[in-house]
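Undergrad: So that we are looking at the same thing, I have put the structure below in structure tokens.
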Amino acid sequence: MPELFSSLAQKIDELPELQIFGTVFAIQGLLITAKINSKSISMGSRCHIKTQQGTDLLAEVVGFDKEAVLLMPFGNLMGISPGCRVYFSNLDSHIYPHASWKGRVINALAQPIDDGSQLIKGSIACSLHQTPPPSHSRLRVDKPLDVGVKAINTFLTCCEGQRMGIFAGSGVGKSVLMSMLARFADADVCVIGLVGERGREVKEFLEDALGAEGLRKSILIVSTSDEPALMRRQAAYLTLTVAEYFRDQGLSVLCMIDSVTRFAMAQREIGLSTGEPPTTKGYTPTVFAELPKLLERAGPGVSSLPNQKQGHITGFFTVLVDGDDHNEPIADAVRGILDGHIVLDRAIAERGQFPAINILRSISRTVPACHTKDQQLIIREARRILSVYEDMADMIRLGAYRPGNNPEVDEAILLYPRLMTFLAQEQYEQTSLLDAFRYLQGALKNETGPT
């Protein structure tokens, strides 16, 4: 009898699985329309399209039009024509991360692109579209994170599990600041998503900005600007998925995406192709629906057993402001989702000061709760001096202000150069959290010494 059951099980295993297939009958823009022989296909289903050259092109279901299925490809449309066959199988949007991925560069499909060996497949299936942890079960954000950058460690102190935005125009130093955070931040692993990046800059970021030291504990997910919208969007999803995997291992994760704006542009391309109505600046409604779903996945972990180490994801997400307009739709939406914003100012960068952080326009929503009383006093005094100087800056530069008229302005004129020297930092210079406050206190006292 056991032999009979064993033989029956073998015969069942040999049966071919049900294959769902269809045919391409229309192509318009980025959209492929196909007729499918099944009603079991749903949004997000994956398929392969057999091209005229005999190769397979991966695609995803992005919508339906009556009996037709709307597909978008993960690659080039060349070779696709009406009549091409479409095959659905067990493809799904899951990946299998592994600790050995650290130090590797992969694409949006979790395939290596760094000329290294094949990635080791982990044992845990992780969905690309996981929902954020329930808000009521998340841990509080209250432990300061040392990021090694003086301006952030003091004025914009970031906590473990906090999500910060880096808002800047092009060419103001976002990539350099990201590389400093990747090298210096006190985190176990760093997951960096380069979404819609210029192809020329990827190797420069790897070799010059990040370097061997930063790459050693990092995983890079790269999707350049020439790749299809689905690849660019998936690169952002994959970045958060990999970060969540390491968070669930109880690790401290630093997650960075450059940039959220290009993720939004990719989602806009997809939405417009499927017939969504454009709203502000052409962005479709799904863009503003997807942004919180993506960004809320970063943050503190959930509370569980008291003796179990809790992981968290500290997020830094860059926002490419269009024409230096910090009130454009994506910047405005992201600012309302995140726990603070770091504004990089072009005028400061043009003076040769890096990182070009405008302290008075930046904010961390965990400050001052994460500071000691002494640290709060130092920051308040420094902000007061910067504010007084900026209010009188035009009169000072024109020579219209006469020293002695206002003691506060006289003090600001004396200490402002020291504060500017403190805020400047070389790309490979690291300053700890405690040293940063000590140097800032020295600058306020007009003391000589390292800043």
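As shown in the structure tokens, the chain order sets the letters A, B, ...; within each chain, residues go from 1, and ligands are also counted from 1 in the order they appear.
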Please tabulate, as JSON lines, the residues of range 280-301 of chain A that come within 12 Å of range 148-163 of chain A, each with its closest pair of atoms and the distance in Å to one decimal, counting only C-alpha atoms and ordering rows by chain, then residue number upward.
TA:
{"residue": "A:Pro292", "atom": "CA", "partner": "A:Arg163", "partner_atom": "CA", "distance": 11.8}
{"residue": "A:Leu294", "atom": "CA", "partner": "A:Arg163", "partner_atom": "CA", "distance": 11.7}
{"residue": "A:Leu295", "atom": "CA", "partner": "A:Arg163", "partner_atom": "CA", "distance": 8.1}
{"residue": "A:Glu296", "atom": "CA", "partner": "A:Arg163", "partner_atom": "CA", "distance": 8.6}
{"residue": "A:Arg297", "atom": "CA", "partner": "A:Arg163", "partner_atom": "CA", "distance": 10.0}
{"residue": "A:Ala298", "atom": "CA", "partner": "A:Arg163", "partner_atom": "CA", "distance": 6.9}
{"residue": "A:Gly299", "atom": "CA", "partner": "A:Gly161", "partner_atom": "CA", "distance": 4.2}
{"residue": "A:Pro300", "atom": "CA", "partner": "A:Gly161", "partner_atom": "CA", "distance": 4.3}
{"residue": "A:Gly301", "atom": "CA", "partner": "A:Gly161", "partner_atom": "CA", "distance": 7.7}
Undergrad: Would you mind listing, for every residue of range 19-109 of chain A within 10 Å of range 190-206 of chain A, the two atoms forming the shortest contact and the distance between them in Å to one decimal, using only C-alpha atoms, sorted by chain and ascending residue number, as CSV?
TA:
residue,atom,partner,partner_atom,distance
A:Lys102,CA,A:Cys190,CA,8.4
A:Gly103,CA,A:Cys190,CA,9.6
A:Val105,CA,A:Leu206,CA,9.3
A:Ile106,CA,A:Gly193,CA,9.7
A:Asn107,CA,A:Gly193,CA,9.5
A:Ala108,CA,A:Gly193,CA,9.2
Undergrad: When you look at range 136-138 of chain A with a cut-off of 10 Å (counting only C-alpha atoms), what residues show up, excluding the ones that are within fewer than 3 positions of it in the same chain? I need them as an MDAnalysis selection string.
TA: chainID A and resid 132:133 141 299:304 312
Undergrad: Let's have the selection written as a PDB file, in the first residue's frame, with N, CA and C atoms.
TA:
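Contents of out36.pdb, as written:
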ATOM      1  N   PRO A 132       3.394  48.815   5.951  1.00  0.00           N
ATOM      2  CA  PRO A 132       4.134  49.284   7.128  1.00  0.00           C
ATOM      3  C   PRO A 132       3.625  48.615   8.401  1.00  0.00           C
ATOM      4  N   PRO A 133       4.475  48.488   9.413  1.00  0.00           N
ATOM      5  CA  PRO A 133       4.026  47.903  10.694  1.00  0.00           C
ATOM      6  C   PRO A 133       2.888  48.726  11.295  1.00  0.00           C
ATOM      7  N   VAL A 141      10.584  56.552  19.029  1.00  0.00           N
ATOM      8  CA  VAL A 141      11.837  57.037  18.456  1.00  0.00           C
ATOM      9  C   VAL A 141      12.432  58.038  19.441  1.00  0.00           C
ATOM     10  N   GLY A 299      11.329  53.261   9.555  1.00  0.00           N
ATOM     11  CA  GLY A 299      10.955  53.686  10.892  1.00  0.00           C
ATOM     12  C   GLY A 299      11.338  52.644  11.929  1.00  0.00           C
ATOM     13  N   PRO A 300      10.860  52.812  13.160  1.00  0.00           N
ATOM     14  CA  PRO A 300      11.201  51.868  14.229  1.00  0.00           C
ATOM     15  C   PRO A 300      10.518  50.528  14.030  1.00  0.00           C
ATOM     16  N   GLY A 301      11.084  49.496  14.625  1.00  0.00           N
ATOM     17  CA  GLY A 301      10.480  48.174  14.572  1.00  0.00           C
ATOM     18  C   GLY A 301       9.315  48.061  15.531  1.00  0.00           C
ATOM     19  N   VAL A 302       8.768  46.871  15.625  1.00  0.00           N
ATOM     20  CA  VAL A 302       7.622  46.648  16.502  1.00  0.00           C
ATOM     21  C   VAL A 302       8.082  46.039  17.813  1.00  0.00           C
ATOM     22  N   SER A 303       7.332  46.307  18.882  1.00  0.00           N
ATOM     23  CA  SER A 303       7.665  45.755  20.195  1.00  0.00           C
ATOM     24  C   SER A 303       7.301  44.278  20.225  1.00  0.00           C
ATOM     25  N   SER A 304       8.164  43.471  20.817  1.00  0.00           N
ATOM     26  CA  SER A 304       7.912  42.026  20.917  1.00  0.00           C
ATOM     27  C   SER A 304       8.456  41.531  22.250  1.00  0.00           C
ATOM     28  N   HIS A 312      15.587  48.473  13.542  1.00  0.00           N
ATOM     29  CA  HIS A 312      14.894  49.682  13.093  1.00  0.00           C
ATOM     30  C   HIS A 312      15.487  50.131  11.760  1.00  0.00           C
TER      31      HIS A 312
END
Undergrad: Got a sec: who's within 9 Å of Ala99 in chain A, counting only C-alpha atoms, leaving out chain neighbours fewer than 3 positions off, as a PyMOL selection string?
TA: chain A and resi 102+120+122+246
Undergrad: Write the residues you've just listed into a file as a PDB file, in the first residue's frame, and include N, CA, C and O atoms for each of them.
TA:
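Okay, part.pdb is ready:
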ATOM      1  N   LYS A 102      25.655  42.165   1.462  1.00  0.00           N
ATOM      2  CA  LYS A 102      26.409  43.372   1.831  1.00  0.00           C
ATOM      3  C   LYS A 102      27.668  43.482   0.964  1.00  0.00           C
ATOM      4  O   LYS A 102      28.367  42.507   0.740  1.00  0.00           O
ATOM      5  N   ILE A 120      23.573  34.840  -3.225  1.00  0.00           N
ATOM      6  CA  ILE A 120      23.067  33.698  -2.457  1.00  0.00           C
ATOM      7  C   ILE A 120      21.601  33.958  -2.124  1.00  0.00           C
ATOM      8  O   ILE A 120      21.238  35.038  -1.674  1.00  0.00           O
ATOM      9  N   GLY A 122      18.412  33.667   0.069  1.00  0.00           N
ATOM     10  CA  GLY A 122      18.062  33.418   1.458  1.00  0.00           C
ATOM     11  C   GLY A 122      16.874  32.484   1.589  1.00  0.00           C
ATOM     12  O   GLY A 122      16.267  32.066   0.604  1.00  0.00           O
ATOM     13  N   PHE A 246      16.780  43.114   6.952  1.00  0.00           N
ATOM     14  CA  PHE A 246      17.822  43.276   7.966  1.00  0.00           C
ATOM     15  C   PHE A 246      17.245  43.820   9.272  1.00  0.00           C
ATOM     16  O   PHE A 246      17.735  43.482  10.352  1.00  0.00           O
TER      17      PHE A 246
END
Undergrad: Mind dumping a table of every range 278-370 of chain A residue within 9 Å of range 418-431 of chain A, with the nearest atom pair and its distance in Å to one decimal, using only C-alpha atoms, sorted by chain and rising number, as a tab-separated table?
TA:
residue	atom	partner	partner_atom	distance
A:Gln353	CA	A:Ala424	CA	5.7
A:Phe354	CA	A:Ala424	CA	5.4
A:Pro355	CA	A:Ala424	CA	6.3
A:Ala356	CA	A:Ala424	CA	7.9
A:Ile357	CA	A:Leu423	CA	8.2
Undergrad: Nearest to Leu119 in chain A among A:Pro134, A:Pro329, A:Pro277, A:Pro97, with distances taken over only C-alpha atoms: which residue is it?
TA: A:Pro97
Undergrad: Looking at A:Asp56, A:Ala187, A:Ile378, A:Glu328, which one is nearest to Tyr439 in chain A, with distances taken over only C-alpha atoms?
TA: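 For Tyr439 in chain A, the nearest of the candidates is A:Ile378.
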Undergrad: Which residue gives the smallest distance to Asp332 in chain A among A:Ser45, A:Thr51, A:Thr314, A:Thr261, with only C-alpha atoms counted?
TA: A:Thr261
